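Coordinates as given in protein02.cif (mmCIF, C-alpha atoms and all ligand atoms):
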data_start
#
loop_
_atom_site.label_atom_id
_atom_site.label_comp_id
_atom_site.auth_asym_id
_atom_site.auth_seq_id
_atom_site.Cartn_x
_atom_site.Cartn_y
_atom_site.Cartn_z
CA MET A 1253 28.65 6.08 -4.51
CA PRO A 1254 31.76 6.43 -6.73
CA GLY A 1255 34.27 3.63 -6.24
CA LEU A 1256 37.17 1.69 -7.69
CA HIS A 1257 37.28 -1.66 -9.43
CA ILE A 1258 40.74 -3.25 -9.05
CA GLN A 1259 41.98 -6.45 -10.64
CA GLY A 1260 44.60 -7.87 -8.32
CA GLY A 1261 47.65 -10.06 -8.74
CA ILE A 1262 49.58 -7.95 -11.25
CA PRO A 1263 53.12 -6.94 -10.21
CA LEU A 1264 53.57 -3.18 -10.64
CA ASN A 1265 56.74 -2.03 -12.35
CA GLY A 1266 58.27 1.25 -13.44
CA GLU A 1267 58.97 4.77 -12.37
CA ILE A 1268 56.52 7.33 -10.99
CA ALA A 1269 56.91 10.88 -9.71
CA ALA A 1270 55.39 11.86 -6.37
CA SER A 1271 53.31 15.04 -6.18
CA GLY A 1272 53.68 17.93 -3.74
CA ALA A 1273 52.61 17.25 -0.18
CA LYS A 1274 49.01 17.88 0.85
CA ASN A 1275 50.12 18.44 4.43
CA ALA A 1276 52.60 21.09 3.34
CA ALA A 1277 50.37 22.80 0.76
CA LEU A 1278 47.53 23.40 3.26
CA PRO A 1279 49.49 25.45 5.84
CA LEU A 1280 51.42 27.22 3.05
CA LEU A 1281 48.15 28.37 1.51
CA ALA A 1282 46.84 29.46 4.91
CA ALA A 1283 50.06 31.37 5.55
CA CYS A 1284 49.36 33.44 2.41
CA ILE A 1285 46.67 35.25 4.43
CA MET A 1286 49.58 37.03 6.15
CA LEU A 1287 51.66 37.75 3.02
CA LYS A 1288 50.93 41.10 1.38
CA GLY A 1289 50.97 41.14 -2.42
CA THR A 1290 51.33 38.18 -4.75
CA SER A 1291 52.58 34.73 -3.84
CA ILE A 1292 53.09 31.79 -6.17
CA LEU A 1293 53.08 28.21 -4.96
CA THR A 1294 54.26 25.52 -7.36
CA ASN A 1295 54.16 21.69 -7.10
CA VAL A 1296 50.72 22.03 -5.49
CA PRO A 1297 48.85 18.70 -5.63
CA HIS A 1298 45.40 18.56 -7.24
CA LEU A 1299 43.18 17.18 -4.50
CA MET A 1300 40.00 18.10 -2.66
CA ASP A 1301 41.59 19.42 0.55
CA VAL A 1302 43.67 21.85 -1.49
CA PHE A 1303 40.56 22.97 -3.40
CA THR A 1304 38.81 23.49 -0.05
CA MET A 1305 41.68 25.65 1.25
CA ILE A 1306 41.64 27.68 -1.98
CA LYS A 1307 37.89 28.24 -1.47
CA MET A 1308 38.61 29.25 2.11
CA LEU A 1309 41.14 31.89 1.05
CA ASN A 1310 38.71 33.34 -1.50
CA SER A 1311 35.94 33.44 1.09
CA LEU A 1312 38.25 35.45 3.37
CA GLY A 1313 39.00 37.99 0.64
CA VAL A 1314 42.38 36.57 -0.41
CA ARG A 1315 42.22 35.78 -4.12
CA ALA A 1316 43.66 32.33 -4.87
CA GLU A 1317 43.53 30.54 -8.21
CA LEU A 1318 44.80 27.16 -9.33
CA HIS A 1319 46.61 27.40 -12.66
CA LYS A 1320 48.02 24.85 -15.08
CA GLY A 1321 51.24 23.12 -14.04
CA ASN A 1322 50.26 22.73 -10.35
CA ARG A 1323 50.65 26.46 -9.63
CA VAL A 1324 48.49 28.47 -7.30
CA ILE A 1325 48.66 32.24 -7.57
CA ILE A 1326 47.55 34.13 -4.48
CA ASN A 1327 46.78 37.84 -4.60
CA ASN A 1328 46.44 39.38 -1.19
CA THR A 1329 45.74 43.04 -1.76
CA LYS A 1330 42.30 43.59 -0.24
CA LYS A 1331 40.96 43.78 3.30
CA VAL A 1332 40.96 40.32 4.85
CA ARG A 1333 37.71 39.09 6.42
CA HIS A 1334 38.16 37.31 9.73
CA ILE A 1335 35.22 34.89 9.82
CA ALA A 1336 35.91 31.42 8.41
CA PRO A 1337 32.81 29.76 6.86
CA TYR A 1338 31.30 26.85 8.80
CA ASP A 1339 30.95 24.51 5.81
CA LEU A 1340 34.64 24.77 4.83
CA VAL A 1341 36.01 24.25 8.35
CA THR A 1342 33.76 21.31 9.07
CA ALA A 1343 34.60 19.79 5.66
CA MET A 1344 38.30 19.78 6.49
CA ARG A 1345 39.93 20.03 9.92
CA ALA A 1346 43.05 21.60 8.44
CA SER A 1347 40.95 24.71 7.76
CA PHE A 1348 41.78 25.60 11.35
CA PHE A 1349 45.21 26.58 10.00
CA VAL A 1350 43.66 29.91 9.06
CA ALA A 1351 43.21 30.81 12.77
CA GLY A 1352 46.84 31.82 13.42
CA PRO A 1353 47.32 33.81 10.20
CA LEU A 1354 43.94 35.57 10.63
CA VAL A 1355 44.51 36.69 14.19
CA ALA A 1356 48.06 37.77 13.36
CA ARG A 1357 46.96 39.77 10.32
CA THR A 1358 43.68 41.27 11.52
CA GLY A 1359 43.73 40.97 15.32
CA PHE A 1360 40.55 38.87 15.11
CA ALA A 1361 39.52 35.41 14.03
CA LYS A 1362 36.18 33.64 14.25
CA VAL A 1363 36.60 30.03 13.23
CA PRO A 1364 34.08 27.20 13.73
CA LEU A 1365 35.27 24.39 16.01
CA PRO A 1366 36.56 21.80 13.57
CA GLY A 1367 35.09 18.81 15.45
CA GLY A 1368 36.33 15.23 15.38
CA CYS A 1369 36.71 12.88 12.45
CA SER A 1370 36.66 9.16 11.78
CA ILE A 1371 40.16 8.59 13.20
CA GLY A 1372 39.70 10.35 16.54
CA SER A 1373 38.41 13.33 18.51
CA ARG A 1374 41.19 15.72 17.41
CA PRO A 1375 40.95 18.59 19.91
CA ILE A 1376 42.55 22.03 19.37
CA ASP A 1377 43.59 22.78 22.96
CA ILE A 1378 47.32 22.89 22.11
CA HIS A 1379 46.69 25.46 19.35
CA LEU A 1380 44.65 27.61 21.75
CA LYS A 1381 47.20 27.37 24.59
CA GLY A 1382 49.89 28.48 22.16
CA PHE A 1383 47.83 31.46 20.96
CA GLU A 1384 47.09 32.38 24.58
CA ARG A 1385 50.82 32.55 25.32
CA LEU A 1386 51.14 35.03 22.42
CA GLY A 1387 48.50 37.24 24.04
CA VAL A 1388 45.43 36.09 22.14
CA GLU A 1389 42.18 36.02 24.12
CA HIS A 1390 39.68 33.43 23.06
CA ARG A 1391 36.21 32.21 23.90
CA ILE A 1392 34.20 29.36 22.52
CA GLU A 1393 30.57 30.20 21.84
CA HIS A 1394 27.85 28.78 19.61
CA GLY A 1395 30.32 26.36 18.07
CA PHE A 1396 32.81 29.06 17.10
CA VAL A 1397 36.23 29.91 18.52
CA GLU A 1398 36.48 33.69 18.70
CA MET A 1399 39.97 35.10 19.06
CA LYS A 1400 41.20 38.61 19.47
CA ALA A 1401 44.49 40.34 20.26
CA LYS A 1402 45.52 44.01 20.19
CA SER A 1403 48.96 42.88 19.15
CA LEU A 1404 50.68 39.52 19.41
CA LYS A 1405 53.64 39.33 21.79
CA GLY A 1406 56.50 36.87 21.50
CA ALA A 1407 56.66 34.27 24.30
CA VAL A 1408 57.94 30.84 25.23
CA VAL A 1409 55.37 28.30 24.07
CA HIS A 1410 55.81 24.79 25.41
CA MET A 1411 53.76 22.23 23.51
CA ASP A 1412 52.33 19.47 25.75
CA PHE A 1413 52.60 17.21 22.71
CA PRO A 1414 54.45 17.96 19.45
CA SER A 1415 51.25 18.62 17.50
CA VAL A 1416 51.91 19.27 13.81
CA GLY A 1417 48.99 21.65 13.34
CA ALA A 1418 49.57 23.57 16.58
CA THR A 1419 53.28 24.02 15.81
CA GLU A 1420 52.37 25.40 12.38
CA ASN A 1421 49.60 27.65 13.64
CA VAL A 1422 51.76 29.15 16.42
CA MET A 1423 54.76 29.49 14.11
CA MET A 1424 52.67 31.43 11.59
CA ALA A 1425 51.09 33.73 14.19
CA ALA A 1426 54.42 34.35 15.94
CA SER A 1427 56.00 35.50 12.65
CA LEU A 1428 54.04 38.76 12.96
CA ALA A 1429 54.30 39.09 16.77
CA VAL A 1430 56.29 41.76 18.53
CA GLY A 1431 59.41 40.16 19.99
CA THR A 1432 60.76 36.63 20.06
CA THR A 1433 58.82 33.38 20.38
CA VAL A 1434 60.43 30.07 21.27
CA ILE A 1435 58.36 26.95 20.60
CA GLU A 1436 59.57 24.09 22.79
CA ASN A 1437 58.72 20.45 22.11
CA ALA A 1438 57.77 21.53 18.58
CA ALA A 1439 56.77 18.98 15.96
CA ARG A 1440 59.62 18.20 13.54
CA GLU A 1441 57.76 16.97 10.44
CA PRO A 1442 59.28 17.92 7.04
CA GLU A 1443 56.12 19.90 6.29
CA ILE A 1444 56.98 22.20 9.21
CA THR A 1445 60.45 22.74 7.80
CA ASP A 1446 58.84 23.60 4.46
CA LEU A 1447 56.51 26.13 6.09
CA GLY A 1448 59.41 27.75 7.95
CA ASN A 1449 61.43 28.01 4.72
CA PHE A 1450 58.46 29.58 2.95
CA LEU A 1451 57.84 32.13 5.71
CA ASN A 1452 61.53 33.05 5.75
CA LYS A 1453 61.38 33.74 1.99
CA ALA A 1454 58.46 36.05 2.76
CA GLY A 1455 60.55 38.00 5.28
CA ALA A 1456 60.06 36.03 8.52
CA GLN A 1457 62.96 35.30 10.84
CA ILE A 1458 62.62 31.69 11.89
CA THR A 1459 65.37 29.28 12.95
CA GLY A 1460 65.29 25.73 14.27
CA HIS A 1461 62.28 24.61 12.18
CA GLY A 1462 62.68 20.86 11.77
CA THR A 1463 64.02 20.57 15.33
CA ALA A 1464 62.20 20.45 18.67
CA VAL A 1465 63.00 24.10 19.46
CA ILE A 1466 61.87 26.76 16.96
CA THR A 1467 62.81 30.40 17.45
CA ILE A 1468 60.79 33.09 15.71
CA HIS A 1469 61.80 36.76 15.80
CA GLY A 1470 58.62 38.62 14.91
CA VAL A 1471 58.65 41.04 11.95
CA PRO A 1472 56.15 43.83 11.16
CA GLU A 1473 55.25 42.58 7.68
CA LEU A 1474 55.50 39.58 5.38
CA THR A 1475 55.44 39.95 1.61
CA GLY A 1476 54.45 37.64 -1.24
CA THR A 1477 57.03 35.15 -2.49
CA GLU A 1478 57.42 32.04 -4.66
CA HIS A 1479 57.88 28.53 -3.34
CA ALA A 1480 57.72 24.90 -4.51
CA VAL A 1481 55.78 22.65 -2.13
CA VAL A 1482 57.92 19.85 -0.67
CA SER A 1483 57.28 16.38 -2.08
CA ASP A 1484 54.59 14.21 -0.45
CA ARG A 1485 56.36 11.56 1.63
CA ILE A 1486 53.10 9.75 2.38
CA GLU A 1487 52.11 9.49 -1.28
CA ALA A 1488 55.67 8.42 -2.14
CA GLY A 1489 55.56 5.75 0.57
CA SER A 1490 52.15 4.53 -0.62
CA LEU A 1491 53.49 4.16 -4.20
CA LEU A 1492 56.57 2.30 -2.98
CA LEU A 1493 54.35 -0.10 -1.03
CA ALA A 1494 52.33 -0.70 -4.22
CA GLY A 1495 55.55 -2.14 -5.70
CA ALA A 1496 56.36 -4.07 -2.51
CA ILE A 1497 52.93 -5.66 -2.02
CA THR A 1498 52.61 -6.80 -5.65
CA GLY A 1499 56.15 -8.23 -5.85
CA GLY A 1500 57.08 -5.59 -8.42
CA GLU A 1501 59.95 -3.18 -8.87
CA VAL A 1502 58.92 0.45 -8.41
CA THR A 1503 61.00 3.63 -8.36
CA VAL A 1504 59.46 6.77 -6.89
CA THR A 1505 61.02 10.00 -8.12
CA ASN A 1506 60.57 13.66 -7.10
CA THR A 1507 60.92 12.58 -3.50
CA VAL A 1508 63.19 13.15 -0.49
CA PRO A 1509 64.22 9.69 0.76
CA GLU A 1510 65.27 10.99 4.22
CA HIS A 1511 61.66 12.03 4.77
CA SER A 1512 60.67 8.38 4.29
CA ALA A 1513 63.53 6.97 6.41
CA PRO A 1514 61.29 5.35 9.09
CA LEU A 1515 59.33 3.51 6.39
CA LEU A 1516 62.43 2.47 4.43
CA GLU A 1517 64.03 1.12 7.61
CA LYS A 1518 60.98 -1.06 8.32
CA LEU A 1519 60.87 -2.33 4.73
CA ARG A 1520 64.54 -3.32 4.94
CA GLU A 1521 63.89 -5.02 8.28
CA ALA A 1522 61.08 -6.98 6.60
CA GLY A 1523 63.58 -8.20 3.97
CA PHE A 1524 62.99 -5.83 1.04
CA GLN A 1525 65.90 -4.56 -1.03
CA ILE A 1526 65.63 -0.76 -1.03
CA SER A 1527 67.91 1.64 -2.86
CA VAL A 1528 67.86 5.43 -2.73
CA GLY A 1529 69.36 8.37 -4.60
CA PRO A 1530 69.16 12.08 -3.86
CA THR A 1531 65.58 12.41 -5.19
CA TRP A 1532 64.38 8.84 -5.69
CA MET A 1533 63.80 5.56 -3.89
CA LYS A 1534 63.28 2.09 -5.27
CA VAL A 1535 61.96 -1.23 -4.04
CA ASP A 1536 63.15 -4.41 -5.78
CA ALA A 1537 60.89 -7.34 -6.56
CA CYS A 1538 60.59 -9.66 -3.56
CA SER A 1539 58.27 -12.65 -3.19
CA GLN A 1540 58.74 -13.40 0.54
CA PHE A 1541 59.09 -10.98 3.41
CA ASN A 1542 58.81 -11.08 7.18
CA GLY A 1543 56.55 -9.45 9.72
CA VAL A 1544 57.84 -6.40 11.60
CA ASP A 1545 56.61 -4.47 14.64
CA ILE A 1546 55.72 -0.81 14.31
CA GLU A 1547 54.78 2.01 16.62
CA THR A 1548 53.49 5.25 15.15
CA LEU A 1549 55.20 8.31 16.59
CA PRO A 1550 55.80 11.98 15.75
CA PHE A 1551 58.53 12.53 13.13
CA PRO A 1552 61.18 11.09 12.89
CA GLY A 1553 59.17 8.11 14.16
CA PHE A 1554 57.01 5.93 11.95
CA PRO A 1555 54.20 8.14 10.55
CA THR A 1556 50.62 7.41 11.55
CA ASP A 1557 49.70 8.40 7.98
CA MET A 1558 51.55 5.27 6.70
CA GLN A 1559 50.15 2.90 9.34
CA ALA A 1560 47.15 1.68 7.35
CA GLN A 1561 49.16 1.09 4.17
CA MET A 1562 51.85 -0.77 6.13
CA MET A 1563 49.17 -2.92 7.75
CA ALA A 1564 47.95 -3.90 4.28
CA LEU A 1565 51.48 -5.04 3.40
CA LEU A 1566 51.98 -6.94 6.66
CA THR A 1567 48.83 -9.01 6.12
CA LEU A 1568 50.94 -10.94 3.57
CA ALA A 1569 54.18 -11.21 5.60
CA ASN A 1570 55.70 -14.40 7.00
CA GLY A 1571 54.93 -14.49 10.70
CA THR A 1572 53.29 -12.05 13.05
CA SER A 1573 53.52 -8.25 13.22
CA ILE A 1574 52.33 -5.93 15.93
CA ILE A 1575 51.32 -2.35 15.15
CA LYS A 1576 50.85 0.14 17.96
CA GLU A 1577 48.97 3.31 16.99
CA SER A 1578 50.16 5.98 19.42
CA ILE A 1579 48.94 9.15 17.68
CA PHE A 1580 45.21 8.69 17.05
CA GLU A 1581 42.78 6.72 19.21
CA ASN A 1582 40.62 5.24 16.47
CA ARG A 1583 42.79 4.59 13.48
CA PHE A 1584 42.19 0.89 12.79
CA MET A 1585 38.97 1.07 10.78
CA HIS A 1586 40.78 -0.33 7.74
CA ALA A 1587 41.59 -3.52 9.69
CA HIS A 1588 37.94 -4.64 9.54
CA GLU A 1589 37.86 -4.12 5.78
CA LEU A 1590 41.19 -5.94 5.32
CA MET A 1591 39.71 -8.86 7.28
CA ARG A 1592 36.91 -9.03 4.68
CA MET A 1593 39.69 -9.74 2.18
CA GLY A 1594 41.08 -12.64 4.23
CA ALA A 1595 43.57 -10.80 6.47
CA LYS A 1596 44.07 -12.19 9.99
CA ILE A 1597 44.10 -9.24 12.39
CA LYS A 1598 43.27 -9.01 16.09
CA LEU A 1599 42.59 -5.58 17.55
CA ASP A 1600 43.26 -4.77 21.16
CA ASN A 1601 42.74 -1.09 21.94
CA ARG A 1602 45.84 0.66 20.48
CA HIS A 1603 47.39 -2.57 19.14
CA ALA A 1604 46.78 -4.58 16.00
CA ILE A 1605 48.25 -8.09 15.85
CA ILE A 1606 48.59 -9.23 12.28
CA THR A 1607 49.26 -12.85 11.40
CA GLY A 1608 50.46 -13.06 7.83
CA VAL A 1609 48.37 -15.12 5.37
CA PRO A 1610 49.59 -16.57 2.03
CA LYS A 1611 47.00 -14.63 0.00
CA LEU A 1612 44.24 -12.03 0.15
CA THR A 1613 41.04 -12.49 -1.84
CA ALA A 1614 38.88 -9.90 -3.56
CA ALA A 1615 35.84 -8.57 -1.69
CA GLU A 1616 33.54 -5.56 -1.62
CA VAL A 1617 35.03 -3.07 0.85
CA LYS A 1618 34.74 0.59 1.76
CA MET A 1619 37.16 3.40 2.52
CA THR A 1620 36.51 4.98 5.92
CA ASP A 1621 39.19 7.66 5.71
CA LEU A 1622 41.96 8.83 3.42
CA ARG A 1623 44.82 6.49 4.39
CA ALA A 1624 42.44 3.58 4.97
CA GLY A 1625 41.51 4.08 1.32
CA ALA A 1626 45.13 3.78 0.22
CA ALA A 1627 45.53 0.63 2.35
CA LEU A 1628 42.54 -1.04 0.68
CA ILE A 1629 43.87 -0.17 -2.76
CA LEU A 1630 47.21 -1.79 -1.87
CA ALA A 1631 45.45 -4.91 -0.58
CA ALA A 1632 43.29 -5.05 -3.72
CA LEU A 1633 46.36 -4.77 -5.99
CA ALA A 1634 47.76 -7.91 -4.35
CA ALA A 1635 44.50 -9.85 -3.86
CA GLN A 1636 43.23 -12.68 -6.03
CA GLY A 1637 40.26 -11.51 -8.09
CA THR A 1638 38.60 -8.16 -8.60
CA THR A 1639 37.92 -5.93 -5.59
CA ASP A 1640 35.28 -3.20 -5.47
CA ILE A 1641 36.19 -0.35 -3.15
CA HIS A 1642 33.53 2.20 -2.21
CA GLY A 1643 34.01 5.68 -0.79
CA LEU A 1644 36.31 7.24 -3.38
CA LYS A 1645 35.63 10.71 -1.94
CA HIS A 1646 37.99 9.90 0.95
CA LEU A 1647 40.84 9.13 -1.44
CA ARG A 1648 40.22 12.23 -3.56
CA ARG A 1649 40.54 14.39 -0.45
CA GLY A 1650 44.24 13.69 -0.13
CA TYR A 1651 45.79 11.93 -3.13
CA ASP A 1652 46.47 13.53 -6.50
CA ASP A 1653 45.19 10.86 -8.94
CA LEU A 1654 46.52 7.78 -7.13
CA PRO A 1655 44.56 5.41 -9.44
CA GLY A 1656 46.12 7.09 -12.51
CA LYS A 1657 49.61 6.85 -11.05
CA LEU A 1658 49.11 3.15 -10.24
CA ARG A 1659 47.73 2.53 -13.75
CA SER A 1660 50.93 3.99 -15.20
CA LEU A 1661 52.80 1.26 -13.26
CA GLY A 1662 50.60 -1.43 -14.81
CA ALA A 1663 47.68 -1.65 -12.37
CA ARG A 1664 44.23 -2.51 -13.73
CA ILE A 1665 41.99 0.00 -12.01
CA THR A 1666 38.76 1.50 -13.24
CA GLU A 1667 36.69 4.17 -11.53
C1 LIG A 1701 48.67 16.42 10.96
C2 LIG A 1701 48.45 15.88 9.57
C3 LIG A 1701 47.86 14.47 9.62
C4 LIG A 1701 48.73 13.58 10.49
C5 LIG A 1701 48.98 14.21 11.85
C6 LIG A 1701 49.95 13.41 12.70
C7 LIG A 1701 48.01 17.90 8.31
C8 LIG A 1701 47.04 18.69 7.53
N1 LIG A 1701 47.54 16.76 8.85
O1 LIG A 1701 47.38 16.50 11.57
O2 LIG A 1701 47.80 13.95 8.30
O3 LIG A 1701 48.08 12.33 10.67
O4 LIG A 1701 49.52 15.52 11.69
O5 LIG A 1701 51.15 13.24 12.04
O6 LIG A 1701 49.17 18.24 8.40
N2 LIG A 1701 46.12 16.93 19.65
C9 LIG A 1701 45.56 17.41 20.81
N3 LIG A 1701 45.34 18.76 20.91
C10 LIG A 1701 45.65 19.63 19.91
C11 LIG A 1701 46.21 19.14 18.73
C12 LIG A 1701 46.44 17.78 18.61
O7 LIG A 1701 45.28 16.65 21.73
O8 LIG A 1701 45.41 20.84 20.07
C13 LIG A 1701 46.36 15.48 19.49
C14 LIG A 1701 45.49 14.90 18.37
O9 LIG A 1701 44.20 14.57 18.84
C15 LIG A 1701 46.29 13.69 17.97
C16 LIG A 1701 47.73 14.14 18.18
O10 LIG A 1701 47.67 15.27 19.04
O11 LIG A 1701 46.00 12.61 18.82
C17 LIG A 1701 48.44 14.53 16.91
O12 LIG A 1701 47.74 15.57 16.27
P1 LIG A 1701 48.46 16.66 15.37
O13 LIG A 1701 49.92 16.40 15.33
O14 LIG A 1701 47.98 17.99 15.80
O15 LIG A 1701 47.85 16.33 13.95
P2 LIG A 1701 47.21 17.34 12.93
O16 LIG A 1701 48.01 18.57 12.84
O17 LIG A 1701 45.75 17.44 13.18
#
Starting from the file, give its structure as structure tokens.
Ligand code: UD1
Amino acid sequence: MPGLHIQGGIPLNGEIAASGAKNAALPLLAACIMLKGTSILTNVPHLMDVFTMIKMLNSLGVRAELHKGNRVIINNTKKVRHIAPYDLVTAMRASFFVAGPLVARTGFAKVPLPGGCSIGSRPIDIHLKGFERLGVEHRIEHGFVEMKAKSLKGAVVHMDFPSVGATENVMMAASLAVGTTVIENAAREPEITDLGNFLNKAGAQITGHGTAVITIHGVPELTGTEHAVVSDRIEAGSLLLAGAITGGEVTVTNTVPEHSAPLLEKLREAGFQISVGPTWMKVDACSQFNGVDIETLPFPGFPTDMQAQMMALLTLANGTSIIKESIFENRFMHAHELMRMGAKIKLDNRHAIITGVPKLTAAEVKMTDLRAGAALILAALAAQGTTDIHGLKHLRRGYDDLPGKLRSLGARITE
């Protein structure tokens, strides 16, 4: 199984640019199903989930090609097929993003149930309730969700929970509905703002994206456009923590510091010196820091996608930290691996109680999911000795060459 070999104890220093956001690129690519003609996405990260979504578009009859310079060119000139292949949807839950665009464009969609994953059961009921409000009929049979609608009609859609994926799916479908849709209790993540901006460039009429109430006036057609994917706040945060955990000084560029505000606030509370500019953020070298308590929440709360990496940092803090994971029910798998490296962590249902230790030591560990992988890399960068981390496929799903970026800051990592 491919893995990483990391020599710990070297402070990382320097400047590194963050890539475009995986979680923005995926819905943007899916949205291209609805855009007639040619679209160009730039700042697209090179990672497996993006490659899977590109394959998905091609399998649906929408030609998408990754070009040099992180550009994807999408040509949508042929008839769109409405059946999403089983292997692509089960390989990546975010494939379900094609459901809204497909039903809006063709009146039909047949998409395999995405199923759960290692961090939780991840149902799609909020997506389906939203589609229902827009007039989409659905049935679940033989493991597929079949959807059909003569035409989509604008409606008030109240989300029981501000689901990121459901907000995006409903927002995309509603762009081509007849009449006005209002999404209440919408998710407010920066990736949703990016999707709204993209759709508006394509001719949609969306306001309020980035707030809890999004209004979408449906339009008859969307046309191809060009857009740069927003910077990845989770990758940027992971790189900043690589500086913090190794006692180094790291500046992350090509980023939007406000998108990382909940993380930066917690780092300051822990005692780190953080500075920010319009498109960069920097952590200064710091040898001692304190434990902090964290609860993961929808944006602008602390992101669940930074929880594992923050836990890695807090294993070395002075004192005790408590992390409450409020978004996913099973997102502490990394804790067991961190304990193999000497971390002191007690798990109690949704809570992790972390008692800081003076040092971590190298061990053989495995990534169980994407962000768990990043957390183990951070721990290994700080640990004494050389750590072997298995399960590189998880990391490749969602990070654009994280080992290479860390190497450019001085890390000793081999694959
Ligand atoms: C997106 C992100 C993921 C991030 C998550 C939360 C992408 C591609 N992925 O995932 O990295 O961790 O947001 O910030 O953007 N839920 C339901 N029913 C639904 C939908 C969701 O119960 O129909 C629950 C989920 O099980 C979970 C919670 O709502 O407990 C949050 O899920 P959601 O916001 O939908 O996350 P995703 O869009 O799947």
- [ ] Work out how far CA of Val1409 (chain A) is from CA of Thr1433 (chain A), in Å to one decimal.
- [x] 7.2 Å
TODO: Quick one: pull the distance between CA of Pro1337 (chain A) and CA of Leu1354 (chain A), Å, one decimal.
DONE: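 Going from CA of Pro1337 (chain A) over to CA of Leu1354 (chain A), I get 13.1 Å.
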TODO: Check every protein, DNA and RNA residue against ligand LIG 1701 (chain A), keep those with an atom at most 6 Å away (counting only C-alpha atoms and all ligand atoms), and present them as an MDAnalysis selection string.
DONE: chainID A and resid 1275 1346 1373:1379 1415:1418 1556:1557 1579:1580
Centre and edges of the region 1600-1616 of chain A box, axis-aligned, 8 Å extra per side, as JSON:
{"center_x": 42.0, "center_y": -8.0, "center_z": 9.2, "size_x": 32.9, "size_y": 33.2, "size_z": 41.5}
Selection near His1257 (chain A), 6 Å with all atoms listed in the file, sequence-local residues under 5 positions removed, as a tab-separated table (two decimals) with C-alpha atoms, in the coordinates of the input:
chain	number	residue	atom	x	y	z
A	1639	THR	CA	37.92	-5.93	-5.59
A	1640	ASP	CA	35.28	-3.20	-5.47
A	1665	ILE	CA	41.99	0.00	-12.01
A	1666	THR	CA	38.76	1.50	-13.24
May I have a table of the residues of region 1391-1490 of chain A lying at most 9 Å from region 1543-1554 of chain A, giving each one's closest pair of atoms and their distance in Å to one decimal, counting only C-alpha atoms, ordered by chain and ascending residue number, as CSV?
residue,atom,partner,partner_atom,distance
A:Pro1414,CA,A:Pro1550,CA,7.2
A:Ser1415,CA,A:Pro1550,CA,8.2
A:Val1416,CA,A:Pro1550,CA,8.5
A:Ala1439,CA,A:Pro1550,CA,7.1
A:Arg1440,CA,A:Phe1551,CA,5.8
A:Glu1441,CA,A:Phe1551,CA,5.2
A:Pro1442,CA,A:Phe1551,CA,8.2
TODO: Determine, counting only C-alpha atoms, which protein, DNA and RNA residues have an atom within 12 Å of an atom of Val1508 (chain A); residues of the same chain fewer than 4 positions away are not included. Present the result as a PyMOL selection string.
DONE: chain A and resi 1269-1273+1442-1443+1482-1489+1504+1512-1513+1516+1528-1533
TODO: Quick one: everything within 9 Å of region 1651-1664 of chain A, counting all atoms listed in the file, minus sequence neighbours fewer than 4 positions away in the same chain. Send it as a ChimeraX atom specification.
DONE: /A:1256-1260,1262-1272,1274,1297-1300,1487,1491,1494-1495,1502,1622,1626,1629,1633,1647
Exercise: region 1396-1398 of chain A partners within 12 Å, all atoms listed in the file, chain neighbours under 4 positions left out, as a PDB file with C-alpha atoms, keeping the file's coordinate frame:
ATOM      1  CA  HIS A1334      38.160  37.310   9.730  1.00  0.00           C
ATOM      2  CA  ILE A1335      35.220  34.890   9.820  1.00  0.00           C
ATOM      3  CA  ALA A1336      35.910  31.420   8.410  1.00  0.00           C
ATOM      4  CA  PRO A1337      32.810  29.760   6.860  1.00  0.00           C
ATOM      5  CA  TYR A1338      31.300  26.850   8.800  1.00  0.00           C
ATOM      6  CA  VAL A1341      36.010  24.250   8.350  1.00  0.00           C
ATOM      7  CA  THR A1342      33.760  21.310   9.070  1.00  0.00           C
ATOM      8  CA  PHE A1348      41.780  25.600  11.350  1.00  0.00           C
ATOM      9  CA  ALA A1351      43.210  30.810  12.770  1.00  0.00           C
ATOM     10  CA  GLY A1352      46.840  31.820  13.420  1.00  0.00           C
ATOM     11  CA  LEU A1354      43.940  35.570  10.630  1.00  0.00           C
ATOM     12  CA  VAL A1355      44.510  36.690  14.190  1.00  0.00           C
ATOM     13  CA  GLY A1359      43.730  40.970  15.320  1.00  0.00           C
ATOM     14  CA  PHE A1360      40.550  38.870  15.110  1.00  0.00           C
ATOM     15  CA  ALA A1361      39.520  35.410  14.030  1.00  0.00           C
ATOM     16  CA  LYS A1362      36.180  33.640  14.250  1.00  0.00           C
ATOM     17  CA  VAL A1363      36.600  30.030  13.230  1.00  0.00           C
ATOM     18  CA  PRO A1364      34.080  27.200  13.730  1.00  0.00           C
ATOM     19  CA  LEU A1365      35.270  24.390  16.010  1.00  0.00           C
ATOM     20  CA  PRO A1366      36.560  21.800  13.570  1.00  0.00           C
ATOM     21  CA  GLY A1367      35.090  18.810  15.450  1.00  0.00           C
ATOM     22  CA  ILE A1376      42.550  22.030  19.370  1.00  0.00           C
ATOM     23  CA  ASP A1377      43.590  22.780  22.960  1.00  0.00           C
ATOM     24  CA  HIS A1379      46.690  25.460  19.350  1.00  0.00           C
ATOM     25  CA  LEU A1380      44.650  27.610  21.750  1.00  0.00           C
ATOM     26  CA  PHE A1383      47.830  31.460  20.960  1.00  0.00           C
ATOM     27  CA  VAL A1388      45.430  36.090  22.140  1.00  0.00           C
ATOM     28  CA  GLU A1389      42.180  36.020  24.120  1.00  0.00           C
ATOM     29  CA  HIS A1390      39.680  33.430  23.060  1.00  0.00           C
ATOM     30  CA  ARG A1391      36.210  32.210  23.900  1.00  0.00           C
ATOM     31  CA  ILE A1392      34.200  29.360  22.520  1.00  0.00           C
TER      32      ILE A1392
END
